[in-house]
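Participant: Input input-v2.tsv, format and content: TSV, C-alpha atoms and all ligand atoms.
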```tsv
chain	number	residue	atom	x	y	z
A	287	MET	CA	82.03	115.54	88.37
A	288	GLN	CA	79.41	113.03	89.51
A	289	PRO	CA	79.96	109.29	90.03
A	290	SER	CA	78.34	106.90	87.54
A	291	HIS	CA	77.45	104.54	90.40
A	292	THR	CA	76.94	105.24	94.11
A	293	ILE	CA	76.49	102.34	96.52
A	294	THR	CA	75.87	102.64	100.25
A	295	VAL	CA	77.43	100.33	102.81
A	296	ASP	CA	74.54	100.35	105.25
A	297	LEU	CA	76.02	100.16	108.72
A	298	GLY	CA	73.46	102.38	110.46
A	299	ASP	CA	75.05	105.57	111.76
A	300	ARG	CA	78.41	104.42	110.28
A	301	ARG	CA	76.97	104.04	106.76
A	302	TYR	CA	79.20	105.29	103.97
A	303	PRO	CA	79.13	105.72	100.21
A	304	ILE	CA	81.19	103.97	97.56
A	305	LEU	CA	81.54	106.45	94.69
A	306	ILE	CA	82.47	104.93	91.32
A	307	GLY	CA	83.34	106.65	88.04
A	308	SER	CA	86.12	107.57	85.67
A	309	GLY	CA	88.06	110.74	86.56
A	310	LEU	CA	86.87	110.99	90.18
A	311	VAL	CA	90.40	111.41	91.57
A	312	GLY	CA	90.84	115.15	91.12
A	313	GLY	CA	87.36	115.53	89.62
A	314	TYR	CA	85.14	114.76	92.63
A	315	ASP	CA	84.93	116.97	95.70
A	316	LEU	CA	85.79	114.82	98.71
A	317	SER	CA	85.81	117.70	101.19
A	318	PRO	CA	82.45	116.74	102.82
A	319	PHE	CA	84.20	113.56	104.01
A	320	ILE	CA	87.26	115.32	105.43
A	321	GLU	CA	86.70	116.17	109.07
A	322	GLY	CA	88.57	118.93	110.87
A	323	PRO	CA	91.44	121.00	109.58
A	324	ASP	CA	94.12	118.27	109.25
A	325	CYS	CA	94.38	115.70	106.51
A	326	LEU	CA	97.15	113.20	105.79
A	327	ILE	CA	97.28	111.42	102.44
A	328	VAL	CA	99.09	108.08	102.67
A	329	THR	CA	100.34	106.65	99.39
A	330	ASN	CA	103.40	104.80	98.11
A	331	GLU	CA	106.41	105.50	95.92
A	332	THR	CA	104.71	104.04	92.80
A	333	VAL	CA	101.22	105.53	93.09
A	334	GLY	CA	102.20	108.88	94.64
A	335	PRO	CA	104.04	110.23	91.59
A	336	LEU	CA	101.08	109.20	89.38
A	337	TYR	CA	98.07	110.43	91.35
A	338	LEU	CA	98.96	112.42	94.49
A	339	GLU	CA	98.76	115.89	92.94
A	340	ARG	CA	95.51	114.94	91.24
A	341	LEU	CA	93.98	113.69	94.49
A	342	LYS	CA	94.84	116.93	96.27
A	343	LYS	CA	92.43	118.69	93.89
A	344	SER	CA	89.62	116.57	95.36
A	345	LEU	CA	90.26	117.88	98.86
A	346	GLY	CA	88.91	121.39	98.27
A	347	GLY	CA	90.53	123.95	100.51
A	348	HIS	CA	91.77	121.44	103.09
A	349	ALA	CA	95.44	121.77	103.89
A	350	CYS	CA	96.95	118.33	103.59
A	351	GLU	CA	100.26	116.61	104.04
A	352	ALA	CA	101.37	113.47	102.28
A	353	LEU	CA	103.36	110.43	103.33
A	354	CYS	CA	104.90	108.13	100.73
A	355	LEU	CA	105.50	104.55	101.92
A	356	PRO	CA	107.86	102.10	100.21
A	357	ASP	CA	106.03	99.81	97.74
A	358	GLY	CA	105.36	96.14	98.44
A	359	GLU	CA	103.66	93.59	100.67
A	360	CYS	CA	106.96	93.20	102.59
A	361	HIS	CA	106.46	96.77	103.83
A	362	LYS	CA	102.99	96.05	105.27
A	363	THR	CA	104.44	96.23	108.77
A	364	LEU	CA	103.98	97.84	112.15
A	365	ALA	CA	106.97	100.03	111.23
A	366	ALA	CA	104.99	101.44	108.28
A	367	ALA	CA	102.01	102.11	110.55
A	368	GLU	CA	104.38	103.78	112.99
A	369	SER	CA	105.64	106.12	110.28
A	370	ILE	CA	102.01	107.24	109.84
A	371	PHE	CA	101.66	107.82	113.61
A	372	ASP	CA	104.88	109.87	113.45
A	373	ALA	CA	103.53	112.00	110.59
A	374	LEU	CA	100.20	112.59	112.36
A	375	ALA	CA	101.93	113.47	115.63
A	376	ALA	CA	104.31	115.85	113.84
A	377	MET	CA	101.25	117.59	112.35
A	378	ARG	CA	99.77	117.81	115.89
A	379	ALA	CA	96.77	116.10	114.37
A	380	GLY	CA	93.79	115.77	116.67
A	381	ARG	CA	90.93	113.27	116.78
A	382	ASP	CA	89.23	115.13	113.96
A	383	ALA	CA	92.12	114.62	111.52
A	384	THR	CA	91.42	112.48	108.44
A	385	VAL	CA	93.69	109.93	106.79
A	386	VAL	CA	93.20	109.37	103.05
A	387	ALA	CA	94.63	106.14	101.62
A	388	LEU	CA	95.71	106.42	97.98
A	389	GLY	CA	96.97	103.11	96.63
A	390	GLY	CA	96.33	99.38	96.40
A	391	GLY	CA	95.29	97.01	99.16
A	392	VAL	CA	98.65	97.27	100.90
A	393	VAL	CA	98.46	101.06	101.36
A	394	GLY	CA	94.74	100.86	102.25
A	395	ASP	CA	95.27	98.18	104.91
A	396	ILE	CA	98.20	100.00	106.56
A	397	ALA	CA	96.64	103.48	106.44
A	398	GLY	CA	93.28	102.17	107.68
A	399	PHE	CA	95.02	100.38	110.55
A	400	ALA	CA	96.96	103.51	111.51
A	401	ALA	CA	93.70	105.50	111.43
A	402	ALA	CA	92.06	102.85	113.64
A	403	CYS	CA	94.84	103.20	116.24
A	404	TYR	CA	95.79	106.89	116.26
A	405	MET	CA	94.03	108.50	119.22
A	406	ARG	CA	91.88	105.32	119.37
A	407	GLY	CA	90.43	105.94	115.95
A	408	ILE	CA	90.25	108.85	113.52
A	409	PRO	CA	88.30	109.17	110.26
A	410	PHE	CA	89.71	107.77	107.05
A	411	VAL	CA	88.82	107.70	103.38
A	412	GLN	CA	89.82	105.06	100.84
A	413	ALA	CA	90.92	105.98	97.31
A	414	PRO	CA	91.84	102.50	95.98
A	415	THR	CA	93.96	102.31	92.83
A	416	THR	CA	94.16	98.58	92.03
A	417	LEU	CA	91.24	96.53	90.75
A	418	LEU	CA	91.62	94.19	93.72
A	419	ALA	CA	91.40	97.09	96.17
A	420	GLN	CA	88.46	98.64	94.27
A	421	VAL	CA	86.33	95.49	94.40
A	422	ASP	CA	87.47	94.07	97.72
A	423	ALA	CA	90.14	95.49	100.04
A	424	SER	CA	88.85	99.09	100.31
A	425	ILE	CA	85.35	98.02	101.36
A	426	GLY	CA	84.32	96.56	104.67
A	427	GLY	CA	86.74	97.96	107.21
A	428	LYS	CA	89.27	95.14	107.55
A	429	THR	CA	92.57	96.89	108.20
A	430	GLY	CA	95.90	95.56	109.36
A	431	VAL	CA	99.55	94.75	108.92
A	432	ASN	CA	101.58	91.55	108.69
A	433	HIS	CA	103.65	89.95	111.44
A	434	ARG	CA	106.61	87.63	110.85
A	435	GLU	CA	104.37	84.77	112.08
A	436	GLY	CA	101.59	85.46	109.59
A	437	LYS	CA	99.78	87.73	107.13
A	438	ASN	CA	97.32	90.28	108.55
A	439	LEU	CA	97.97	88.99	112.08
A	440	ILE	CA	97.66	92.47	113.60
A	441	GLY	CA	94.59	94.45	112.66
A	442	ALA	CA	91.32	96.13	113.48
A	443	PHE	CA	87.90	96.64	112.00
A	444	HIS	CA	87.65	100.34	111.14
A	445	GLN	CA	85.21	101.48	108.49
A	446	PRO	CA	86.12	104.33	106.11
A	447	ARG	CA	83.95	107.45	105.77
A	448	ALA	CA	83.86	107.06	102.00
A	449	VAL	CA	85.42	104.99	99.22
A	450	LEU	CA	86.36	106.89	96.05
A	451	ILE	CA	86.79	104.51	93.11
A	452	ASP	CA	88.25	106.11	89.98
A	453	THR	CA	88.23	103.48	87.24
A	454	GLY	CA	90.53	105.74	85.16
A	455	VAL	CA	93.51	105.13	87.46
A	456	LEU	CA	93.46	101.48	86.41
A	457	ASP	CA	94.97	102.58	83.07
A	458	THR	CA	98.44	102.54	84.62
A	459	LEU	CA	98.00	99.28	86.53
A	460	PRO	CA	100.32	96.53	85.21
A	461	ASP	CA	98.45	93.79	83.27
A	462	ARG	CA	99.31	91.04	85.69
A	463	GLU	CA	97.95	93.06	88.67
A	464	PHE	CA	94.83	93.88	86.66
A	465	ARG	CA	94.16	90.21	85.87
A	466	ALA	CA	94.73	89.27	89.51
A	467	GLY	CA	92.00	91.78	90.41
A	468	LEU	CA	89.70	90.14	87.86
A	469	ALA	CA	89.92	86.92	89.90
A	470	GLU	CA	88.21	88.72	92.79
A	471	VAL	CA	85.58	90.06	90.37
A	472	VAL	CA	84.84	86.49	89.22
A	473	LYS	CA	84.75	85.43	92.88
A	474	HIS	CA	81.97	87.89	93.71
A	475	ALA	CA	79.87	86.66	90.80
A	476	ALA	CA	80.54	82.98	91.54
A	477	ILE	CA	79.41	83.22	95.17
A	478	ALA	CA	76.40	85.48	94.82
A	479	ASP	CA	75.16	86.43	91.37
A	480	ALA	CA	74.65	84.00	88.46
A	481	GLU	CA	73.39	86.80	86.21
A	482	PHE	CA	76.53	88.85	86.84
A	483	PHE	CA	78.61	85.73	86.10
A	484	ALA	CA	76.90	85.43	82.68
A	485	TRP	CA	77.55	89.15	82.12
A	486	LEU	CA	81.24	88.58	82.85
A	487	GLU	CA	81.34	85.71	80.34
A	488	ALA	CA	80.01	88.10	77.70
A	489	ASN	CA	82.14	91.10	78.69
A	490	VAL	CA	85.50	89.74	79.79
A	491	GLY	CA	87.09	91.10	76.57
A	492	ALA	CA	85.85	94.63	77.27
A	493	LEU	CA	87.16	94.38	80.83
A	494	LEU	CA	90.59	93.27	79.61
A	495	ASP	CA	90.52	96.29	77.27
A	496	ARG	CA	89.78	98.38	80.40
A	497	ASP	CA	86.67	99.80	78.81
A	498	ALA	CA	85.42	102.46	81.26
A	499	ALA	CA	81.72	101.55	81.02
A	500	ALA	CA	82.38	97.82	81.45
A	501	LEU	CA	84.69	98.49	84.40
A	502	GLY	CA	82.14	100.75	86.08
A	503	GLU	CA	79.48	98.07	85.65
A	504	ALA	CA	81.65	95.21	86.96
A	505	ILE	CA	83.09	97.17	89.88
A	506	GLY	CA	79.59	98.42	90.76
A	507	HIS	CA	78.24	94.83	90.88
A	508	CYS	CA	81.13	93.69	93.07
A	509	CYS	CA	80.68	96.63	95.45
A	510	GLU	CA	76.95	95.90	95.72
A	511	ILE	CA	77.66	92.27	96.58
A	512	LYS	CA	80.42	93.06	99.05
A	513	SER	CA	78.57	95.93	100.75
A	514	ALA	CA	75.46	93.75	101.27
A	515	VAL	CA	77.60	91.02	102.85
A	516	VAL	CA	79.44	93.51	105.09
A	517	ALA	CA	76.20	95.20	106.14
A	518	ALA	CA	74.77	91.81	107.15
A	519	ASP	CA	77.89	90.47	108.88
A	520	GLU	CA	80.45	93.20	109.56
A	521	LYS	CA	82.69	91.17	111.91
A	522	GLU	CA	82.62	87.86	109.97
A	523	GLN	CA	80.45	85.78	112.27
A	524	GLY	CA	79.25	83.71	109.29
A	525	LEU	CA	78.08	85.12	105.94
A	526	ARG	CA	81.18	87.28	105.35
A	527	ALA	CA	83.30	84.12	105.25
A	528	LEU	CA	81.72	83.39	101.83
A	529	LEU	CA	84.01	86.12	100.46
A	530	ASN	CA	86.84	83.64	101.07
A	531	PHE	CA	85.75	81.41	98.15
A	532	GLY	CA	88.92	79.91	96.65
A	533	HIS	CA	91.05	81.28	99.49
A	534	THR	CA	91.66	78.07	101.52
A	535	PHE	CA	93.25	76.48	98.44
A	536	GLY	CA	94.64	79.84	97.30
A	537	HIS	CA	96.50	80.49	100.56
A	538	ALA	CA	97.91	76.95	100.44
A	539	ILE	CA	99.14	77.58	96.86
A	540	GLU	CA	100.78	80.89	97.88
A	541	ASN	CA	102.36	79.19	100.88
A	542	ALA	CA	103.56	76.12	98.93
A	543	LEU	CA	105.03	78.19	96.08
A	544	GLY	CA	106.60	80.71	98.46
A	545	TYR	CA	104.87	84.07	98.98
A	546	GLY	CA	105.39	86.47	96.09
A	547	GLU	CA	105.75	83.79	93.40
A	548	TRP	CA	102.12	84.00	92.33
A	549	LEU	CA	99.97	87.06	93.00
A	550	HIS	CA	97.16	86.51	95.50
A	551	GLY	CA	94.48	86.77	92.77
A	552	GLU	CA	96.26	84.16	90.64
A	553	ALA	CA	96.31	81.71	93.56
A	554	VAL	CA	92.63	82.49	94.29
A	555	ALA	CA	91.74	81.76	90.64
A	556	ALA	CA	93.24	78.26	90.78
A	557	GLY	CA	91.80	77.92	94.32
A	558	MET	CA	88.27	78.66	93.08
A	559	VAL	CA	88.54	75.91	90.48
A	560	MET	CA	89.69	73.47	93.16
A	561	ALA	CA	86.88	74.52	95.52
A	562	THR	CA	84.39	74.02	92.69
A	563	GLU	CA	85.75	70.51	92.09
A	564	LEU	CA	85.39	69.81	95.82
A	565	SER	CA	81.80	71.08	95.65
A	566	GLY	CA	80.88	68.32	93.22
A	567	ILE	CA	78.51	70.56	91.24
A	568	ASP	CA	77.37	70.02	87.66
A	569	PRO	CA	80.62	69.63	85.67
A	570	GLN	CA	79.32	72.09	83.06
A	571	GLU	CA	79.23	74.80	85.73
A	572	GLY	CA	82.83	74.00	86.66
A	573	GLU	CA	83.74	74.20	82.97
A	574	ARG	CA	82.15	77.69	82.75
A	575	LEU	CA	84.33	78.86	85.65
A	576	ARG	CA	87.50	77.43	84.06
A	577	ARG	CA	86.64	79.03	80.70
A	578	LEU	CA	85.99	82.45	82.22
A	579	LEU	CA	89.21	82.41	84.26
A	580	THR	CA	91.20	81.26	81.22
A	581	ALA	CA	89.67	84.05	79.13
A	582	ALA	CA	90.76	86.47	81.87
A	583	GLY	CA	94.32	85.16	81.54
A	584	LEU	CA	94.31	83.49	84.95
A	585	PRO	CA	95.61	80.06	86.02
A	586	ILE	CA	93.05	77.30	86.64
A	587	ALA	CA	95.31	74.83	88.46
A	588	PRO	CA	98.30	75.01	90.76
A	589	PRO	CA	101.69	74.04	89.31
A	590	ASP	CA	102.10	70.26	89.66
A	591	HIS	CA	105.40	70.64	91.44
A	592	CYS	CA	103.75	72.42	94.39
A	593	ARG	CA	101.05	69.82	95.03
A	594	GLY	CA	103.08	68.10	97.77
A	595	GLY	CA	103.67	71.43	99.52
A	596	LEU	CA	100.04	72.23	99.09
A	597	ARG	CA	99.02	69.19	101.05
A	598	ALA	CA	101.52	70.14	103.80
A	599	ALA	CA	100.23	73.73	103.92
A	600	MET	CA	96.64	72.51	104.20
A	601	ASP	CA	97.58	69.98	106.89
A	602	LEU	CA	99.15	72.81	108.91
A	603	ASP	CA	96.07	74.97	108.38
A	604	LYS	CA	93.95	72.01	109.50
A	605	LYS	CA	96.03	71.60	112.66
A	606	ASN	CA	95.72	75.31	113.43
A	607	ARG	CA	91.95	74.98	113.06
A	608	ARG	CA	91.80	72.02	115.46
A	609	GLY	CA	91.40	69.29	112.89
A	610	ARG	CA	88.89	70.46	110.32
A	611	LEU	CA	89.29	72.82	107.38
A	612	ARG	CA	86.46	75.06	106.30
A	613	PHE	CA	85.72	75.59	102.63
A	614	VAL	CA	83.40	77.84	100.74
A	615	LEU	CA	81.64	75.52	98.30
A	616	LEU	CA	79.12	76.08	95.52
A	617	ARG	CA	75.68	74.55	95.05
A	618	ALA	CA	75.70	76.22	91.65
A	619	ILE	CA	77.29	79.33	90.16
A	620	GLY	CA	75.94	82.24	92.21
A	621	ASP	CA	75.04	80.11	95.24
A	622	ALA	CA	77.81	79.53	97.82
A	623	TYR	CA	77.81	78.01	101.30
A	624	LEU	CA	80.32	77.37	104.08
A	625	ALA	CA	81.18	73.72	104.72
A	626	SER	CA	83.37	71.76	107.07
A	627	ASP	CA	81.72	68.41	106.17
A	628	TYR	CA	83.42	68.00	102.81
A	629	SER	CA	84.47	64.58	101.54
A	630	GLU	CA	88.10	63.78	102.51
A	631	SER	CA	88.52	61.42	99.55
A	632	ARG	CA	87.26	64.09	97.15
A	633	LEU	CA	89.72	66.55	98.77
A	634	ASP	CA	92.53	64.06	98.13
A	635	SER	CA	91.59	63.78	94.48
A	636	VAL	CA	91.28	67.59	94.10
A	637	ILE	CA	94.76	68.13	95.54
A	638	GLY	CA	96.07	65.34	93.32
A	639	PRO	CA	99.21	63.26	93.54
A	640	ALA	CA	102.20	64.89	95.23
A	641	GLY	CA	105.79	64.79	94.19
A	642	ALA	CA	105.88	65.68	90.47
A	643	GLU	CA	109.03	67.45	89.37
A	644	PRO	CA	109.01	71.25	88.89
A	645	ALA	CA	107.57	71.95	85.45
A	646	GLY	CA	108.30	75.66	85.15
A	647	ASP	CA	104.58	76.43	85.18
A	648	GLN	CA	103.63	80.07	84.69
A	649	PRO	CA	100.67	81.71	86.37
A	701	LIG	P1	99.29	96.27	96.15
A	701	LIG	O1	98.67	97.25	97.03
A	701	LIG	O2	100.63	95.74	96.50
A	701	LIG	O3	99.34	96.85	94.67
A	701	LIG	C1	99.92	96.09	93.64
A	701	LIG	C2	100.99	96.90	92.89
A	701	LIG	O4	100.36	97.82	92.03
A	701	LIG	C3	101.90	97.71	93.79
A	701	LIG	O5	103.21	97.70	93.27
A	701	LIG	C4	101.31	99.11	93.69
A	701	LIG	O6	102.24	100.13	94.00
A	701	LIG	C5	100.90	99.14	92.26
A	701	LIG	N1	99.81	100.06	91.92
A	701	LIG	C6	98.71	100.30	92.65
A	701	LIG	N2	97.86	101.09	91.95
A	701	LIG	C7	98.46	101.36	90.78
A	701	LIG	C8	98.08	102.12	89.63
A	701	LIG	N3	96.87	102.67	89.53
A	701	LIG	N4	98.97	102.21	88.62
A	701	LIG	C9	100.17	101.59	88.68
A	701	LIG	N5	100.56	100.83	89.72
A	701	LIG	C10	99.72	100.73	90.76
A	701	LIG	O7	98.35	94.96	95.96
A	701	LIG	P2	96.77	94.77	95.95
A	701	LIG	O8	96.55	93.55	95.17
A	701	LIG	O9	96.05	96.01	95.63
A	701	LIG	O10	96.44	94.47	97.49
A	701	LIG	C11	96.93	93.33	98.16
A	701	LIG	C12	96.78	93.56	99.64
A	701	LIG	O11	95.41	93.75	99.95
A	701	LIG	C13	97.27	92.43	100.49
A	701	LIG	O12	98.08	92.93	101.53
A	701	LIG	C14	96.00	91.82	101.06
A	701	LIG	O13	96.19	91.25	102.33
A	701	LIG	C15	95.10	93.03	101.12
A	701	LIG	N6	93.66	92.73	101.09
A	701	LIG	C16	92.90	93.30	102.03
A	701	LIG	C17	91.54	93.06	102.04
A	701	LIG	C18	90.67	93.71	103.07
A	701	LIG	O14	89.48	93.38	103.16
A	701	LIG	N7	91.21	94.65	103.83
A	701	LIG	C19	90.95	92.24	101.07
A	701	LIG	C20	91.77	91.69	100.09
A	701	LIG	C21	93.13	91.94	100.11
A	702	LIG	N1	88.30	90.04	101.64
A	702	LIG	C1	87.41	89.37	102.51
A	702	LIG	C2	86.68	90.28	103.44
A	702	LIG	O1	86.72	91.47	103.33
A	702	LIG	O2	86.02	89.79	104.32
```
Please render this file's structure as structure tokens.
Facilitator:
Amino acid sequence: MQPSHTITVDLGDRRYPILIGSGLVGGYDLSPFIEGPDCLIVTNETVGPLYLERLKKSLGGHACEALCLPDGECHKTLAAAESIFDALAAMRAGRDATVVALGGGVVGDIAGFAAACYMRGIPFVQAPTTLLAQVDASIGGKTGVNHREGKNLIGAFHQPRAVLIDTGVLDTLPDREFRAGLAEVVKHAAIADAEFFAWLEANVGALLDRDAAALGEAIGHCCEIKSAVVAADEKEQGLRALLNFGHTFGHAIENALGYGEWLHGEAVAAGMVMATELSGIDPQEGERLRRLLTAAGLPIAPPDHCRGGLRAAMDLDKKNRRGRLRFVLLRAIGDAYLASDYSESRLDSVIGPAGAEPAGDQP
């Protein structure tokens, strides 16, 4: 089976393909990307039972072992990475062994990090199974685990050899996770591609119906945008920071609500609206963003009761950054820039008055 879209992340002699299509897990031959005789598939207890046997069919004649991690962000730990080291060591895996990550962003980040560390770096392949991982986490080589003092505090840049995106596996993804992934799709369009944004406005219904052609198109656009950014700025010296549109507010919302209350994509959706308000662009453009996110079933504002905590979270962030926050702002839809010279009074009005009582808001 051939992919419907193939995009190259052009990092010179570390360039790699992103292969997109429906039915690729089990239907596409990944063996050219598996080095050496040993292969370890890392998945989790939710995704493994659904897709592990199918993925094995993509590995040709390669003997492979599988490791099933517990599900959840709370398991994105050094202990999980260590269980991968243990499995590789028990296999007597050498530097030419390959790790294949089958799962969402959590599995991909842990498995990629373990591959970056084992014997100072072994090949790995990403087979992302959430929309968020397909359009964002599996591309670009950011890998890592959480520490009790912060998310993704321990990590490494380690690029995969290939990214295999099967849009068909999204059929089993819970609705709420799917919509959270759509927030990152909207993000890519909002920062870099006004035409794609207009396409999303016209096709959001088809995406919510998980129409294979629409998904392939949207995921392909996102991968093109992300791979161009990563190729230009692999280690986030500047341009790559634009991918954090909505994230300064989004992280503050997650922090103020308590991690796990809202999904990351839900917080980013409300965060993008706030960042757009801070940008001071044409109000009609802001209205288009709110309408698209609403159509995607995403929140467009934080719950009122967390606004006080939001200010505290941002103040802490500000302190950690030696006094000045950085925001990704928009000149217009499709045209983003990085700013630390935002207006403080506008920021105050975007955050809004603190102290309202909990209102039972739903994401
Ligand atoms: P996740 O990996 O926790 O997956 C969400 C849930 O969906 C999990 O319960 C998972 O088991 C389940 N699931 C996955 N695929 C499924 C499928 N096809 N069918 C049914 N259930 C399925 O969450 P996520 O949103 O994919 O990833 C979030 C993580 O990604 C965070 O840890 C974040 O830090 C990281 N991230 C990394 C990058 C990066 O550049 N490396 C970028 C963005 C996010
Ligand atoms: N998710 C942001 C990045 O990959 O840089």
Participant: If you take only C-alpha atoms and all ligand atoms and a cut-off of 8 Å, which residues of chain A touch ligand LIG 701 (chain A), and what are their nearest atom pairs and distances in Å to one decimal, in chain and number order, as a Markdown table?
Facilitator:
```
| residue | atom | partner | partner_atom | distance |
| --- | --- | --- | --- | --- |
| A:Asn330 | CA | A:LIG701 | O6 | 6.3 |
| A:Glu331 | CA | A:LIG701 | O6 | 7.1 |
| A:Thr332 | CA | A:LIG701 | O6 | 4.8 |
| A:Val333 | CA | A:LIG701 | C7 | 5.5 |
| A:Leu336 | CA | A:LIG701 | N4 | 7.3 |
| A:Asp357 | CA | A:LIG701 | O6 | 5.3 |
| A:Gly358 | CA | A:LIG701 | O2 | 5.1 |
| A:Glu359 | CA | A:LIG701 | O2 | 5.6 |
| A:Lys362 | CA | A:LIG701 | O12 | 6.9 |
| A:Gly389 | CA | A:LIG701 | C6 | 5.2 |
| A:Gly390 | CA | A:LIG701 | O1 | 3.2 |
| A:Gly391 | CA | A:LIG701 | O10 | 3.3 |
| A:Val392 | CA | A:LIG701 | O1 | 3.9 |
| A:Val393 | CA | A:LIG701 | O1 | 5.8 |
| A:Gly394 | CA | A:LIG701 | N7 | 7.3 |
| A:Asp395 | CA | A:LIG701 | N7 | 5.5 |
| A:Pro414 | CA | A:LIG701 | N2 | 7.4 |
| A:Thr415 | CA | A:LIG701 | N2 | 4.2 |
| A:Thr416 | CA | A:LIG701 | N2 | 4.5 |
| A:Leu417 | CA | A:LIG701 | O9 | 6.9 |
| A:Leu418 | CA | A:LIG701 | O9 | 5.2 |
| A:Ala419 | CA | A:LIG701 | O9 | 4.8 |
| A:Asp422 | CA | A:LIG701 | C19 | 5.2 |
| A:Ala423 | CA | A:LIG701 | C17 | 3.4 |
| A:Ser424 | CA | A:LIG701 | N7 | 6.1 |
| A:Ile425 | CA | A:LIG701 | O14 | 6.5 |
| A:Gly426 | CA | A:LIG701 | O14 | 6.2 |
| A:Gly427 | CA | A:LIG701 | N7 | 6.5 |
| A:Lys428 | CA | A:LIG701 | N7 | 4.2 |
| A:Thr429 | CA | A:LIG701 | N7 | 5.1 |
| A:Gly430 | CA | A:LIG701 | N7 | 7.3 |
| A:Val431 | CA | A:LIG701 | O12 | 7.8 |
| A:Lys437 | CA | A:LIG701 | O13 | 7.0 |
| A:Asn438 | CA | A:LIG701 | O13 | 6.4 |
| A:Val455 | CA | A:LIG701 | N3 | 4.7 |
| A:Leu456 | CA | A:LIG701 | N3 | 4.8 |
| A:Asp457 | CA | A:LIG701 | N3 | 6.7 |
| A:Thr458 | CA | A:LIG701 | N4 | 4.0 |
| A:Leu459 | CA | A:LIG701 | N4 | 3.7 |
| A:Pro460 | CA | A:LIG701 | C9 | 6.1 |
| A:Glu463 | CA | A:LIG701 | C1 | 6.1 |
| A:Ala466 | CA | A:LIG701 | O8 | 7.3 |
| A:Gly467 | CA | A:LIG701 | O8 | 6.8 |
| A:Leu549 | CA | A:LIG701 | O8 | 7.7 |
| A:His550 | CA | A:LIG701 | O8 | 7.1 |
| A:Gly551 | CA | A:LIG701 | O8 | 7.5 |
```
Participant: Find the residue from A:Gln412, A:Ser513, A:Ser629, A:Thr363 that sits nearest to ligand LIG 702 (chain A); use only C-alpha atoms and all ligand atoms when measuring.
Facilitator: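 Using only C-alpha atoms and all ligand atoms, the shortest distance to ligand LIG 702 (chain A) belongs to A:Ser513.
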Participant: What are the centre and the three edge lengths of an axis-aligned box that wraps all atoms of stretch 465-480 of chain A in the file, given that 5 Å is added to every side, written as JSON and rounded to one decimal in Å?
Facilitator:
```
{"center_x": 84.7, "center_y": 87.4, "center_z": 90.5, "size_x": 30.1, "size_y": 18.8, "size_z": 19.3}
```
Participant: With distances taken over all atoms listed in the file, which residue among A:Val559, A:Val515, A:Cys403, A:Ala618 lies nearest A:Ile440?
Facilitator: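 Selected residue with least distance to A:Ile440: A:Cys403.
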Participant: I'd like the contact shell of stretch 518-530 of chain A - 8 Å cut-off, only C-alpha atoms, skipping same-chain residues fewer than 3 positions apart - returned as a PyMOL selection string.
Facilitator: chain A and resi 426+443+473-474+477+512+514-515+533-534+614+622-624
Participant: Could you check how far atom CA of A:Thr580 sits from atom CA of A:Leu494, in Å to one decimal?
Facilitator: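 Atom-to-atom, atom CA of A:Thr580 and atom CA of A:Leu494 are spaced 12.1 Å apart.
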Participant: Which polymer residues, protein or nucleic acid, are no farther than 8 Å from (89.2, 109.9, 93.3), counting all atoms listed in the file, as a list in words?
Facilitator: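 These residues have at least one counted atom within 8 Å: Gly309, Leu310, Val311, Gly312, Gly313, Tyr314, Leu341, Ser344, Ala413, Leu450, Ile451 and Asp452 of chain A.
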Participant: Between A:Ala375, A:Cys509, A:Asp296, A:Lys342, which is the closest to ligand LIG 702 (chain A) once you count all atoms listed in the file?
Facilitator: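 When distances to ligand LIG 702 (chain A) are compared using all atoms listed in the file, the smallest one comes from A:Cys509.
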Participant: Tell me, as number ranges by chain, which residues lie within 7 Å of A:Pro409, counting all atoms listed in the file; anything in the same chain fewer than 2 positions away does not count.
Facilitator: A: 383-385, 401, 407, 446-447
Participant: Could you tell me how far atom CA of A:Leu615 lies from atom CA of A:Glu503, in Å and to one decimal?
Facilitator: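 Taking atom CA of A:Leu615 as the start and atom CA of A:Glu503 as the end point, the length is 25.9 Å.
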